[in-house]
file entry-v2.cif (mmCIF, C-alpha atoms and all ligand atoms)
data_model
#
loop_
_atom_site.group_PDB
_atom_site.id
_atom_site.type_symbol
_atom_site.label_atom_id
_atom_site.label_comp_id
_atom_site.auth_asym_id
_atom_site.auth_seq_id
_atom_site.Cartn_x
_atom_site.Cartn_y
_atom_site.Cartn_z
ATOM 1 C CA MET A 298 -37.240 177.184 25.455
ATOM 2 C CA THR A 299 -35.542 180.389 24.311
ATOM 3 C CA ARG A 300 -35.858 183.116 26.942
ATOM 4 C CA HIS A 301 -36.822 186.472 25.460
ATOM 5 C CA PHE A 302 -37.015 189.680 27.487
ATOM 6 C CA ILE A 303 -39.621 191.675 25.621
ATOM 7 C CA ASP A 304 -41.563 192.732 28.657
ATOM 8 C CA LEU A 305 -41.156 192.267 32.394
ATOM 9 C CA ALA A 306 -43.919 189.667 32.525
ATOM 10 C CA ASP A 307 -41.713 187.368 30.408
ATOM 11 C CA ALA A 308 -39.590 186.804 33.505
ATOM 12 C CA GLY A 309 -42.397 186.873 36.075
ATOM 13 C CA PRO A 310 -41.885 187.907 39.714
ATOM 14 C CA ASP A 311 -39.370 185.136 40.462
ATOM 15 C CA GLY A 312 -37.287 185.898 37.377
ATOM 16 C CA LEU A 313 -37.303 189.617 38.154
ATOM 17 C CA ARG A 314 -36.213 188.989 41.738
ATOM 18 C CA ALA A 315 -33.434 186.662 40.575
ATOM 19 C CA MET A 316 -32.197 189.344 38.171
ATOM 20 C CA LEU A 317 -32.311 192.066 40.818
ATOM 21 C CA GLU A 318 -30.283 189.904 43.193
ATOM 22 C CA ALA A 319 -27.736 189.072 40.476
ATOM 23 C CA ALA A 320 -27.416 192.751 39.582
ATOM 24 C CA ARG A 321 -26.882 193.683 43.238
ATOM 25 C CA ALA A 322 -24.334 190.939 43.856
ATOM 26 C CA ARG A 323 -22.318 191.544 40.691
ATOM 27 C CA LYS A 324 -22.212 195.283 41.309
ATOM 28 C CA ALA A 325 -20.860 194.655 44.823
ATOM 29 C CA ASP A 326 -18.386 191.981 43.716
ATOM 30 C CA ARG A 327 -16.616 194.161 41.143
ATOM 31 C CA ARG A 328 -16.497 197.383 43.151
ATOM 32 C CA GLY A 329 -13.194 199.144 42.489
ATOM 33 C CA TYR A 330 -12.407 197.280 39.264
ATOM 34 C CA PRO A 331 -11.567 199.328 36.163
ATOM 35 C CA ARG A 332 -14.785 199.594 34.135
ATOM 36 C CA GLY A 333 -13.450 197.494 31.275
ATOM 37 C CA GLN A 334 -12.209 194.642 33.458
ATOM 38 C CA THR A 335 -14.051 191.363 33.105
ATOM 39 C CA ASP A 336 -15.946 189.973 36.101
ATOM 40 C CA ASP A 337 -13.952 187.218 37.811
ATOM 41 C CA ASP A 338 -16.198 184.413 36.539
ATOM 42 C CA ALA A 339 -16.616 185.788 32.964
ATOM 43 C CA PRO A 340 -19.929 183.942 32.601
ATOM 44 C CA LEU A 341 -20.551 184.986 28.989
ATOM 45 C CA ALA A 342 -17.066 184.274 27.640
ATOM 46 C CA GLY A 343 -17.391 183.341 23.984
ATOM 47 C CA HIS A 344 -20.855 184.926 23.672
ATOM 48 C CA THR A 345 -21.758 187.776 21.316
ATOM 49 C CA LEU A 346 -24.713 190.165 21.472
ATOM 50 C CA ALA A 347 -25.947 191.913 18.321
ATOM 51 C CA MET A 348 -27.517 195.315 19.005
ATOM 52 C CA ILE A 349 -29.889 196.825 16.428
ATOM 53 C CA PHE A 350 -30.667 200.521 16.773
ATOM 54 C CA GLU A 351 -33.552 202.073 14.879
ATOM 55 C CA LYS A 352 -33.591 205.019 17.309
ATOM 56 C CA ASN A 353 -30.958 207.098 19.091
ATOM 57 C CA SER A 354 -29.403 205.915 22.341
ATOM 58 C CA THR A 355 -26.603 206.803 24.741
ATOM 59 C CA ARG A 356 -27.240 204.772 27.912
ATOM 60 C CA THR A 357 -28.675 201.624 26.341
ATOM 61 C CA ARG A 358 -25.905 201.436 23.760
ATOM 62 C CA VAL A 359 -22.963 201.988 26.096
ATOM 63 C CA SER A 360 -24.311 200.046 29.060
ATOM 64 C CA PHE A 361 -25.132 196.946 26.987
ATOM 65 C CA ASP A 362 -21.720 197.117 25.357
ATOM 66 C CA MET A 363 -19.941 197.412 28.707
ATOM 67 C CA ALA A 364 -22.229 194.772 30.200
ATOM 68 C CA MET A 365 -21.125 192.239 27.595
ATOM 69 C CA ARG A 366 -17.450 193.163 28.058
ATOM 70 C CA GLN A 367 -17.711 192.760 31.831
ATOM 71 C CA LEU A 368 -19.419 189.389 31.411
ATOM 72 C CA GLY A 369 -16.566 188.265 29.168
ATOM 73 C CA GLY A 370 -18.464 188.517 25.863
ATOM 74 C CA SER A 371 -18.560 190.924 22.952
ATOM 75 C CA THR A 372 -21.027 192.986 20.910
ATOM 76 C CA ILE A 373 -21.806 193.952 17.338
ATOM 77 C CA VAL A 374 -23.635 197.264 16.910
ATOM 78 C CA MET A 375 -25.935 197.548 13.897
ATOM 79 C CA GLU A 376 -27.374 200.938 13.019
ATOM 80 C CA ALA A 377 -30.545 199.918 11.195
ATOM 81 C CA GLY A 378 -29.957 202.480 8.450
ATOM 82 C CA GLY A 379 -26.699 200.765 7.549
ATOM 83 C CA THR A 380 -28.165 197.262 7.380
ATOM 84 C CA GLN A 381 -30.408 195.467 4.905
ATOM 85 C CA LEU A 382 -33.193 195.859 7.478
ATOM 86 C CA GLY A 383 -33.081 199.528 6.559
ATOM 87 C CA ARG A 384 -33.617 198.570 2.889
ATOM 88 C CA GLY A 385 -36.629 196.388 3.519
ATOM 89 C CA GLU A 386 -35.274 192.940 4.415
ATOM 90 C CA THR A 387 -37.894 191.474 6.697
ATOM 91 C CA ILE A 388 -37.581 191.196 10.454
ATOM 92 C CA ALA A 389 -38.232 187.463 10.136
ATOM 93 C CA ASP A 390 -35.341 186.912 7.722
ATOM 94 C CA THR A 391 -33.083 189.155 9.803
ATOM 95 C CA ALA A 392 -33.955 187.095 12.874
ATOM 96 C CA ARG A 393 -33.166 183.806 11.135
ATOM 97 C CA VAL A 394 -29.811 185.042 9.836
ATOM 98 C CA LEU A 395 -28.609 186.729 13.033
ATOM 99 C CA SER A 396 -29.508 183.582 14.965
ATOM 100 C CA ARG A 397 -26.817 181.754 12.980
ATOM 101 C CA TYR A 398 -24.126 184.271 14.006
ATOM 102 C CA VAL A 399 -24.751 185.576 17.506
ATOM 103 C CA ASP A 400 -25.961 184.348 20.888
ATOM 104 C CA ALA A 401 -28.510 187.089 21.634
ATOM 105 C CA ILE A 402 -30.090 190.120 19.950
ATOM 106 C CA MET A 403 -31.013 193.445 21.546
ATOM 107 C CA ILE A 404 -33.182 195.804 19.507
ATOM 108 C CA ARG A 405 -34.345 199.394 19.980
ATOM 109 C CA THR A 406 -37.199 200.108 17.618
ATOM 110 C CA ASP A 407 -40.508 201.924 17.206
ATOM 111 C CA ASP A 408 -43.322 199.449 16.575
ATOM 112 C CA HIS A 409 -43.562 196.863 19.367
ATOM 113 C CA GLN A 410 -44.806 194.294 16.861
ATOM 114 C CA LYS A 411 -41.332 194.280 15.273
ATOM 115 C CA ILE A 412 -39.744 192.891 18.417
ATOM 116 C CA VAL A 413 -42.546 190.382 18.819
ATOM 117 C CA ASP A 414 -41.864 189.214 15.262
ATOM 118 C CA LEU A 415 -38.103 189.206 15.822
ATOM 119 C CA ALA A 416 -38.555 186.936 18.835
ATOM 120 C CA ARG A 417 -40.938 184.696 16.930
ATOM 121 C CA TYR A 418 -38.374 183.942 14.236
ATOM 122 C CA ALA A 419 -35.144 184.153 16.246
ATOM 123 C CA GLU A 420 -33.540 181.038 17.684
ATOM 124 C CA VAL A 421 -31.618 183.113 20.250
ATOM 125 C CA PRO A 422 -32.898 185.397 23.038
ATOM 126 C CA VAL A 423 -34.291 188.788 21.985
ATOM 127 C CA ILE A 424 -34.079 191.732 24.395
ATOM 128 C CA ASN A 425 -36.203 194.884 24.251
ATOM 129 C CA GLY A 426 -33.943 197.943 24.341
ATOM 130 C CA LEU A 427 -37.056 200.200 24.045
ATOM 131 C CA THR A 428 -40.067 200.274 21.784
ATOM 132 C CA ASP A 429 -42.881 202.807 21.562
ATOM 133 C CA GLN A 430 -44.765 200.478 23.917
ATOM 134 C CA SER A 431 -42.301 199.612 26.680
ATOM 135 C CA HIS A 432 -38.809 199.924 28.147
ATOM 136 C CA PRO A 433 -38.311 196.978 30.500
ATOM 137 C CA CYS A 434 -34.501 197.222 30.779
ATOM 138 C CA GLN A 435 -34.882 200.751 32.126
ATOM 139 C CA ILE A 436 -37.277 199.603 34.805
ATOM 140 C CA MET A 437 -34.915 196.834 35.939
ATOM 141 C CA ALA A 438 -32.397 199.604 36.657
ATOM 142 C CA ASP A 439 -35.064 201.702 38.379
ATOM 143 C CA LEU A 440 -36.052 198.775 40.590
ATOM 144 C CA GLN A 441 -32.421 198.096 41.474
ATOM 145 C CA THR A 442 -31.966 201.754 42.387
ATOM 146 C CA VAL A 443 -35.028 201.832 44.643
ATOM 147 C CA LEU A 444 -33.961 198.555 46.271
ATOM 148 C CA GLU A 445 -30.493 199.969 46.982
ATOM 149 C CA HIS A 446 -31.799 203.128 48.588
ATOM 150 C CA LYS A 447 -34.996 201.898 50.250
ATOM 151 C CA GLY A 448 -34.126 198.272 51.017
ATOM 152 C CA ARG A 449 -37.298 196.982 49.354
ATOM 153 C CA VAL A 450 -39.502 197.392 46.322
ATOM 154 C CA ASP A 451 -42.814 195.909 47.394
ATOM 155 C CA GLY A 452 -45.287 198.170 49.119
ATOM 156 C CA LEU A 453 -43.598 201.473 48.255
ATOM 157 C CA SER A 454 -45.811 203.843 46.283
ATOM 158 C CA TRP A 455 -44.637 205.276 42.984
ATOM 159 C CA ALA A 456 -46.037 208.438 41.436
ATOM 160 C CA TRP A 457 -45.605 209.112 37.732
ATOM 161 C CA LEU A 458 -46.062 212.654 36.496
ATOM 162 C CA GLY A 459 -46.456 213.470 32.810
ATOM 163 C CA ASP A 460 -46.927 211.548 29.589
ATOM 164 C CA GLY A 461 -48.468 208.056 29.548
ATOM 165 C CA ASN A 462 -45.549 206.587 27.620
ATOM 166 C CA ASN A 463 -43.381 203.477 27.139
ATOM 167 C CA VAL A 464 -41.452 203.956 30.388
ATOM 168 C CA LEU A 465 -44.673 204.319 32.363
ATOM 169 C CA HIS A 466 -46.060 201.145 30.784
ATOM 170 C CA SER A 467 -43.121 199.151 32.134
ATOM 171 C CA ILE A 468 -43.487 200.748 35.588
ATOM 172 C CA VAL A 469 -47.171 199.809 35.667
ATOM 173 C CA GLU A 470 -46.265 196.276 34.665
ATOM 174 C CA ALA A 471 -43.532 196.096 37.325
ATOM 175 C CA GLY A 472 -45.909 197.337 40.008
ATOM 176 C CA SER A 473 -48.362 194.562 39.250
ATOM 177 C CA LEU A 474 -45.642 191.892 39.213
ATOM 178 C CA LEU A 475 -43.730 192.979 42.308
ATOM 179 C CA GLY A 476 -46.500 194.480 44.414
ATOM 180 C CA PHE A 477 -46.241 198.247 44.470
ATOM 181 C CA PRO A 478 -49.000 200.760 43.656
ATOM 182 C CA VAL A 479 -48.547 203.268 40.836
ATOM 183 C CA ARG A 480 -50.356 206.610 40.904
ATOM 184 C CA ILE A 481 -50.315 208.428 37.606
ATOM 185 C CA GLY A 482 -50.798 212.163 37.202
ATOM 186 C CA CYS A 483 -51.322 212.970 33.542
ATOM 187 C CA PRO A 484 -53.467 215.339 31.495
ATOM 188 C CA ASP A 485 -56.565 214.192 29.672
ATOM 189 C CA GLY A 486 -55.626 212.674 26.316
ATOM 190 C CA TYR A 487 -52.212 211.413 27.419
ATOM 191 C CA ASP A 488 -53.161 208.358 29.474
ATOM 192 C CA PRO A 489 -51.137 205.164 29.324
ATOM 193 C CA ASP A 490 -52.400 202.393 27.032
ATOM 194 C CA PRO A 491 -55.636 201.090 28.621
ATOM 195 C CA ALA A 492 -54.599 197.530 27.729
ATOM 196 C CA VAL A 493 -51.429 197.866 29.827
ATOM 197 C CA VAL A 494 -53.413 199.240 32.765
ATOM 198 C CA ALA A 495 -56.063 196.524 32.410
ATOM 199 C CA ALA A 496 -53.407 193.773 32.309
ATOM 200 C CA ALA A 497 -51.796 195.157 35.467
ATOM 201 C CA ARG A 498 -55.124 195.375 37.273
ATOM 202 C CA ALA A 499 -55.994 191.836 36.173
ATOM 203 C CA ARG A 500 -52.808 190.678 37.936
ATOM 204 C CA GLY A 501 -53.950 192.485 41.071
ATOM 205 C CA GLY A 502 -51.911 195.637 40.515
ATOM 206 C CA SER A 503 -53.031 198.974 41.947
ATOM 207 C CA VAL A 504 -53.069 201.740 39.304
ATOM 208 C CA LEU A 505 -54.663 205.159 39.822
ATOM 209 C CA ILE A 506 -54.983 207.736 37.048
ATOM 210 C CA SER A 507 -55.572 211.320 38.169
ATOM 211 C CA ARG A 508 -55.787 214.686 36.439
ATOM 212 C CA ASP A 509 -54.448 216.244 39.633
ATOM 213 C CA PRO A 510 -50.639 216.150 39.986
ATOM 214 C CA VAL A 511 -50.865 216.703 43.742
ATOM 215 C CA GLU A 512 -53.234 213.765 44.196
ATOM 216 C CA ALA A 513 -50.764 211.558 42.309
ATOM 217 C CA ALA A 514 -47.699 212.776 44.212
ATOM 218 C CA ALA A 515 -49.188 212.986 47.717
ATOM 219 C CA GLY A 516 -47.146 210.878 50.136
ATOM 220 C CA ALA A 517 -45.394 208.928 47.351
ATOM 221 C CA ASP A 518 -42.112 207.151 48.090
ATOM 222 C CA VAL A 519 -40.841 207.390 44.516
ATOM 223 C CA ILE A 520 -41.491 210.290 42.133
ATOM 224 C CA VAL A 521 -40.722 209.556 38.497
ATOM 225 C CA THR A 522 -41.110 211.364 35.214
ATOM 226 C CA ASP A 523 -39.823 211.327 31.646
ATOM 227 C CA THR A 524 -39.702 213.540 28.595
ATOM 228 C CA TRP A 525 -43.028 214.944 27.407
ATOM 229 C CA ILE A 526 -42.083 214.250 23.767
ATOM 230 C CA SER A 527 -40.679 210.761 23.174
ATOM 231 C CA MET A 528 -38.529 209.720 20.234
ATOM 232 C CA GLY A 529 -40.611 209.484 17.092
ATOM 233 C CA GLN A 530 -43.290 211.880 18.397
ATOM 234 C CA ALA A 531 -43.806 215.262 16.769
ATOM 235 C CA HIS A 532 -42.998 218.349 18.821
ATOM 236 C CA ALA A 533 -46.420 219.733 19.815
ATOM 237 C CA GLU A 534 -46.958 222.999 21.681
ATOM 238 C CA ALA A 535 -50.442 221.876 22.763
ATOM 239 C CA LYS A 536 -48.987 218.799 24.439
ATOM 240 C CA LEU A 537 -46.276 220.797 26.203
ATOM 241 C CA ALA A 538 -48.919 223.208 27.516
ATOM 242 C CA ALA A 539 -51.129 220.368 28.764
ATOM 243 C CA MET A 540 -48.141 218.785 30.545
ATOM 244 C CA GLN A 541 -47.004 221.956 32.313
ATOM 245 C CA PRO A 542 -49.042 221.403 35.540
ATOM 246 C CA PHE A 543 -47.391 217.971 35.850
ATOM 247 C CA GLN A 544 -43.827 219.333 35.928
ATOM 248 C CA VAL A 545 -41.774 217.869 38.776
ATOM 249 C CA ASN A 546 -40.578 220.901 40.706
ATOM 250 C CA GLU A 547 -39.750 221.608 44.343
ATOM 251 C CA ALA A 548 -43.385 222.366 45.209
ATOM 252 C CA LEU A 549 -44.540 219.017 43.864
ATOM 253 C CA MET A 550 -41.658 217.118 45.514
ATOM 254 C CA ALA A 551 -42.751 218.696 48.809
ATOM 255 C CA ARG A 552 -46.089 216.869 48.491
ATOM 256 C CA ALA A 553 -44.367 213.457 48.351
ATOM 257 C CA ALA A 554 -43.107 211.568 51.411
ATOM 258 C CA ALA A 555 -40.357 213.439 53.254
ATOM 259 C CA ASP A 556 -37.839 210.758 52.260
ATOM 260 C CA ALA A 557 -39.137 210.331 48.700
ATOM 261 C CA VAL A 558 -36.624 209.708 45.928
ATOM 262 C CA PHE A 559 -36.673 211.057 42.382
ATOM 263 C CA LEU A 560 -36.051 208.967 39.247
ATOM 264 C CA HIS A 561 -35.753 209.891 35.564
ATOM 265 C CA CYS A 562 -34.611 207.467 32.860
ATOM 266 C CA LEU A 563 -32.810 210.299 30.996
ATOM 267 C CA PRO A 564 -32.329 212.077 28.687
ATOM 268 C CA ALA A 565 -34.094 214.878 30.576
ATOM 269 C CA HIS A 566 -35.442 218.113 29.228
ATOM 270 C CA ARG A 567 -34.454 220.314 32.121
ATOM 271 C CA GLY A 568 -37.010 223.054 32.673
ATOM 272 C CA GLU A 569 -39.788 221.022 31.022
ATOM 273 C CA GLU A 570 -40.806 217.810 32.802
ATOM 274 C CA VAL A 571 -38.387 218.478 35.687
ATOM 275 C CA VAL A 572 -36.481 221.457 37.059
ATOM 276 C CA ASP A 573 -32.760 221.580 37.852
ATOM 277 C CA ALA A 574 -33.399 221.887 41.594
ATOM 278 C CA VAL A 575 -35.004 218.424 41.587
ATOM 279 C CA MET A 576 -32.644 216.803 39.046
ATOM 280 C CA ASP A 577 -29.610 217.967 41.004
ATOM 281 C CA GLY A 578 -31.245 217.961 44.444
ATOM 282 C CA PRO A 579 -30.692 215.657 47.433
ATOM 283 C CA GLN A 580 -33.609 213.354 46.617
ATOM 284 C CA SER A 581 -32.468 212.660 43.067
ATOM 285 C CA LEU A 582 -31.042 209.197 42.318
ATOM 286 C CA ILE A 583 -30.648 209.750 38.586
ATOM 287 C CA TRP A 584 -26.917 209.011 38.341
ATOM 288 C CA ASP A 585 -27.199 205.783 40.335
ATOM 289 C CA GLU A 586 -30.188 204.937 38.153
ATOM 290 C CA ALA A 587 -28.147 205.515 34.994
ATOM 291 C CA GLU A 588 -25.244 203.454 36.372
ATOM 292 C CA ASN A 589 -27.604 200.640 37.255
ATOM 293 C CA ARG A 590 -28.556 200.229 33.597
ATOM 294 C CA LEU A 591 -25.191 198.478 33.330
ATOM 295 C CA HIS A 592 -25.677 196.168 36.300
ATOM 296 C CA ALA A 593 -29.324 195.432 35.556
ATOM 297 C CA GLN A 594 -28.611 194.609 31.934
ATOM 298 C CA LYS A 595 -25.889 192.178 32.917
ATOM 299 C CA ALA A 596 -28.546 190.370 34.919
ATOM 300 C CA VAL A 597 -30.999 190.465 31.993
ATOM 301 C CA LEU A 598 -28.348 188.994 29.689
ATOM 302 C CA LEU A 599 -27.543 186.233 32.182
ATOM 303 C CA TRP A 600 -31.223 185.428 32.670
ATOM 304 C CA CYS A 601 -31.847 185.267 28.923
ATOM 305 C CA LEU A 602 -28.845 183.035 28.355
ATOM 306 C CA GLY A 603 -29.885 180.603 31.064
ATOM 307 C CA LYS A 604 -27.149 181.518 33.538
ATOM 308 C CA LEU A 605 -29.542 182.460 36.342
ATOM 309 C CA GLY A 606 -32.021 180.153 38.007
HETATM 310 N N1 LIG B 701 -32.746 205.802 29.330
HETATM 311 C C1 LIG B 701 -32.350 205.406 28.108
HETATM 312 O O1 LIG B 701 -32.808 204.392 27.570
HETATM 313 O O2 LIG B 701 -31.383 206.186 27.568
HETATM 314 P P1 LIG B 701 -30.831 206.140 26.069
HETATM 315 O O3 LIG B 701 -31.957 206.603 25.181
HETATM 316 O O4 LIG B 701 -29.678 207.084 26.071
HETATM 317 O O5 LIG B 701 -30.443 204.732 25.740
HETATM 318 N N1 LIG B 702 -39.924 207.898 26.552
HETATM 319 C C1 LIG B 702 -38.611 208.140 26.023
HETATM 320 C C2 LIG B 702 -37.592 207.298 26.719
HETATM 321 C C3 LIG B 702 -36.169 207.513 26.274
HETATM 322 C C4 LIG B 702 -35.189 206.624 26.978
HETATM 323 C C5 LIG B 702 -38.604 207.880 24.528
HETATM 324 O O1 LIG B 702 -39.197 206.882 24.090
HETATM 325 O O2 LIG B 702 -38.028 208.671 23.795
#

call {"tool": "encode", "arguments": {"input": "entry-v2.cif", "output": "structure tokens"}}
result
Amino acid sequence: MTRHFIDLADAGPDGLRAMLEAARARKADRRGYPRGQTDDDAPLAGHTLAMIFEKNSTRTRVSFDMAMRQLGGSTIVMEAGGTQLGRGETIADTARVLSRYVDAIMIRTDDHQKIVDLARYAEVPVINGLTDQSHPCQIMADLQTVLEHKGRVDGLSWAWLGDGNNVLHSIVEAGSLLGFPVRIGCPDGYDPDPAVVAAARARGGSVLISRDPVEAAAGADVIVTDTWISMGQAHAEAKLAAMQPFQVNEALMARAAADAVFLHCLPAHRGEEVVDAVMDGPQSLIWDEAENRLHAQKAVLLWCLGKLG
């Protein structure tokens, strides 16, 4: 059966753990190599990944491209506006055609249903490079980063401050699959999708939603936030005002565990959801987190293409 990576649950706890171990091992094994050098075993030699972008990207674009190079494969980047998809060719027909050319497809898009449809009609693995609903590749990198710095993922408490968005949805899902509680501080009207929260709770996940940022952050091991206005959302002063009490600043970090770490998927809006003193402070892991997009995505690619477990 074709392995798609649309959400974290597609891989399940065992698949996620296998990917995290592969990401850790590969990162260690190639330490000191020039970035463009292929891994010694070149496990994806002869394989090509098509990447479709319907939204902007820096990290996802470059890290997937470098991931394929390091695994011995290659990429084709398709800006949706320059393809027939941008002129109305259906997702289903695009999926059928690309499946005859490439070995896997990564897509960054708006409507989550598009990636579901792409996977339905594709004969090769489809990877979610972000939709309005979720961002699982980002959370693989976040998990790898926490594992590196804390030695474990299970049992640590994560606190999310801000908008109930795509990145949060994947964190909530991860918590329920790998066994860590997620406490969410967000203003009324900006909760995560209730269906995502209900699915996590049905798996036994612990999810708290609070209107009090201090209640969410108190004693947390991981503090995480993201932009208050995601791609595709209109700039709204009312939303920015509602989010202000949930800004991650030094006072809020002081309410977390003394050895808490800070994550942000980037790009950040410094001075909005997070202040410079936290972004650039001693608890921030944001550059390791960004680097780990590369290592985590190599593991996702290998899992999808049947090279792991
Ligand atoms: N974090 C993330 O997905 O970054 P890009 O939007 O730059 O890809
Ligand atoms: N929530 C953000 C994440 C960007 C990587 C967005 O969707 O724009």

call {"tool": "closest_residue", "arguments": {"input": "entry-v2.cif", "among": "A:Pro422, A:Gly529, A:Pro433, A:Pro489", "to": "Ala593 in chain A", "atoms": "only C-alpha atoms"}}
result
A:Pro433

call {"tool": "resolve_selection", "arguments": {"input": "entry-v2.cif", "expression": "the PyMOL selection byres (((chain A and resi 399) around 7) and not hetatm)", "output": "PyMOL selection string"}}
result
chain A and resi 345-347+395-398+400-401

call {"tool": "atom_distance", "arguments": {"input": "entry-v2.cif", "atom1": "CA of Lys595 in chain A", "atom2": "CA of Tyr418 in chain A"}}
result
23.9 Å

call {"tool": "resolve_selection", "arguments": {"input": "entry-v2.cif", "expression": "the PyMOL selection byres (((not hetatm)) within 12 of (chain B and resi 701))", "output": "JSON, numbers by chain"}}
result
{"A": [348, 350, 351, 352, 353, 354, 355, 356, 357, 358, 359, 360, 361, 362, 404, 405, 406, 425, 426, 427, 428, 429, 431, 432, 433, 434, 435, 436, 437, 438, 439, 463, 464, 522, 523, 524, 527, 528, 560, 561, 562, 563, 564, 565, 583, 584, 586, 587, 588, 589, 590, 591, 594]}

call {"tool": "atom_distance", "arguments": {"input": "entry-v2.cif", "atom1": "CA of Gly516 in chain A", "atom2": "CA of Ala554 in chain A"}}
result
4.3 Å

call {"tool": "atom_distance", "arguments": {"input": "entry-v2.cif", "atom1": "CA of Ile526 in chain A", "atom2": "CA of Leu444 in chain A"}}
result
28.6 Å

call {"tool": "resolve_selection", "arguments": {"input": "entry-v2.cif", "expression": "the PyMOL selection byres (((chain A and resi 304) around 10) and not hetatm)", "output": "ChimeraX atom specification"}}
result
/A:301-303,305-309,424-425,427,430-434,466-467,470-471

call {"tool": "closest_residue", "arguments": {"input": "entry-v2.cif", "among": "A:Ile349, A:Asp518, A:Arg508, A:Asp490", "to": "Asp451 in chain A", "atoms": "only C-alpha atoms"}}
result
A:Asp518

call {"tool": "closest_residue", "arguments": {"input": "entry-v2.cif", "among": "A:Ser473, A:His344, A:His592, A:Gln410", "to": "Arg328 in chain A", "atoms": "all atoms listed in the file"}}
result
A:His592

call {"tool": "closest_residue", "arguments": {"input": "entry-v2.cif", "among": "A:Ala492, A:Val511, A:Leu465, A:Leu458", "to": "ligand LIG 702 (chain B)", "atoms": "all atoms listed in the file"}}
result
A:Leu465

call {"tool": "axis_aligned_box", "arguments": {"input": "entry-v2.cif", "around": "ligand LIG 702 (chain B)", "padding_each_side": "8 Å", "output": "AutoDock Vina command-line options"}}
result
--center_x -37.6 --center_y 207.6 --center_z 25.4 --size_x 20.7 --size_y 18.0 --size_z 19.2

call {"tool": "residues_around", "arguments": {"input": "entry-v2.cif", "residues": "Val394 in chain A", "least_positions_apart": "5", "cutoff": "12 Å", "atoms": "only C-alpha atoms", "output": "list in words"}}
result
Ala347, Gln381, Leu382, Glu386, Thr387, Ile388, Ala389, Val399, Asp400, Ile402, Leu415, Tyr418, Ala419, Glu420 and Val421 of chain A

call {"tool": "closest_residue", "arguments": {"input": "entry-v2.cif", "among": "A:Ala456, A:Ala497, A:Val571, A:Ala535", "to": "Ala514 in chain A", "atoms": "only C-alpha atoms"}}
result
A:Ala456

call {"tool": "closest_residue", "arguments": {"input": "entry-v2.cif", "among": "A:Met576, A:Ala596, A:Cys601, A:Val443", "to": "Arg323 in chain A", "atoms": "only C-alpha atoms"}}
result
A:Ala596

call {"tool": "residues_near_point", "arguments": {"input": "entry-v2.cif", "point": "(-30.8, 189.0, 32.7)", "cutoff": "9 Å", "atoms": "only C-alpha atoms", "output": "list in words"}}
result
Phe302, Gly312, Leu313, Ala315, Met316, Leu317, Ala319, Ala320, Ala593, Gln594, Lys595, Ala596, Val597, Leu598, Leu599, Trp600, Cys601, Leu602, Gly603, Lys604 and Leu605 of chain A

call {"tool": "write_last_selection", "arguments": {"input": "entry-v2.cif", "atoms": "C-alpha atoms", "output": "tab-separated table (two decimals), in the frame of the given file"}}
result
chain	number	residue	atom	x	y	z
A	302	PHE	CA	-37.02	189.68	27.49
A	312	GLY	CA	-37.29	185.90	37.38
A	313	LEU	CA	-37.30	189.62	38.15
A	315	ALA	CA	-33.43	186.66	40.58
A	316	MET	CA	-32.20	189.34	38.17
A	317	LEU	CA	-32.31	192.07	40.82
A	319	ALA	CA	-27.74	189.07	40.48
A	320	ALA	CA	-27.42	192.75	39.58
A	593	ALA	CA	-29.32	195.43	35.56
A	594	GLN	CA	-28.61	194.61	31.93
A	595	LYS	CA	-25.89	192.18	32.92
A	596	ALA	CA	-28.55	190.37	34.92
A	597	VAL	CA	-31.00	190.46	31.99
A	598	LEU	CA	-28.35	188.99	29.69
A	599	LEU	CA	-27.54	186.23	32.18
A	600	TRP	CA	-31.22	185.43	32.67
A	601	CYS	CA	-31.85	185.27	28.92
A	602	LEU	CA	-28.84	183.04	28.36
A	603	GLY	CA	-29.88	180.60	31.06
A	604	LYS	CA	-27.15	181.52	33.54
A	605	LEU	CA	-29.54	182.46	36.34
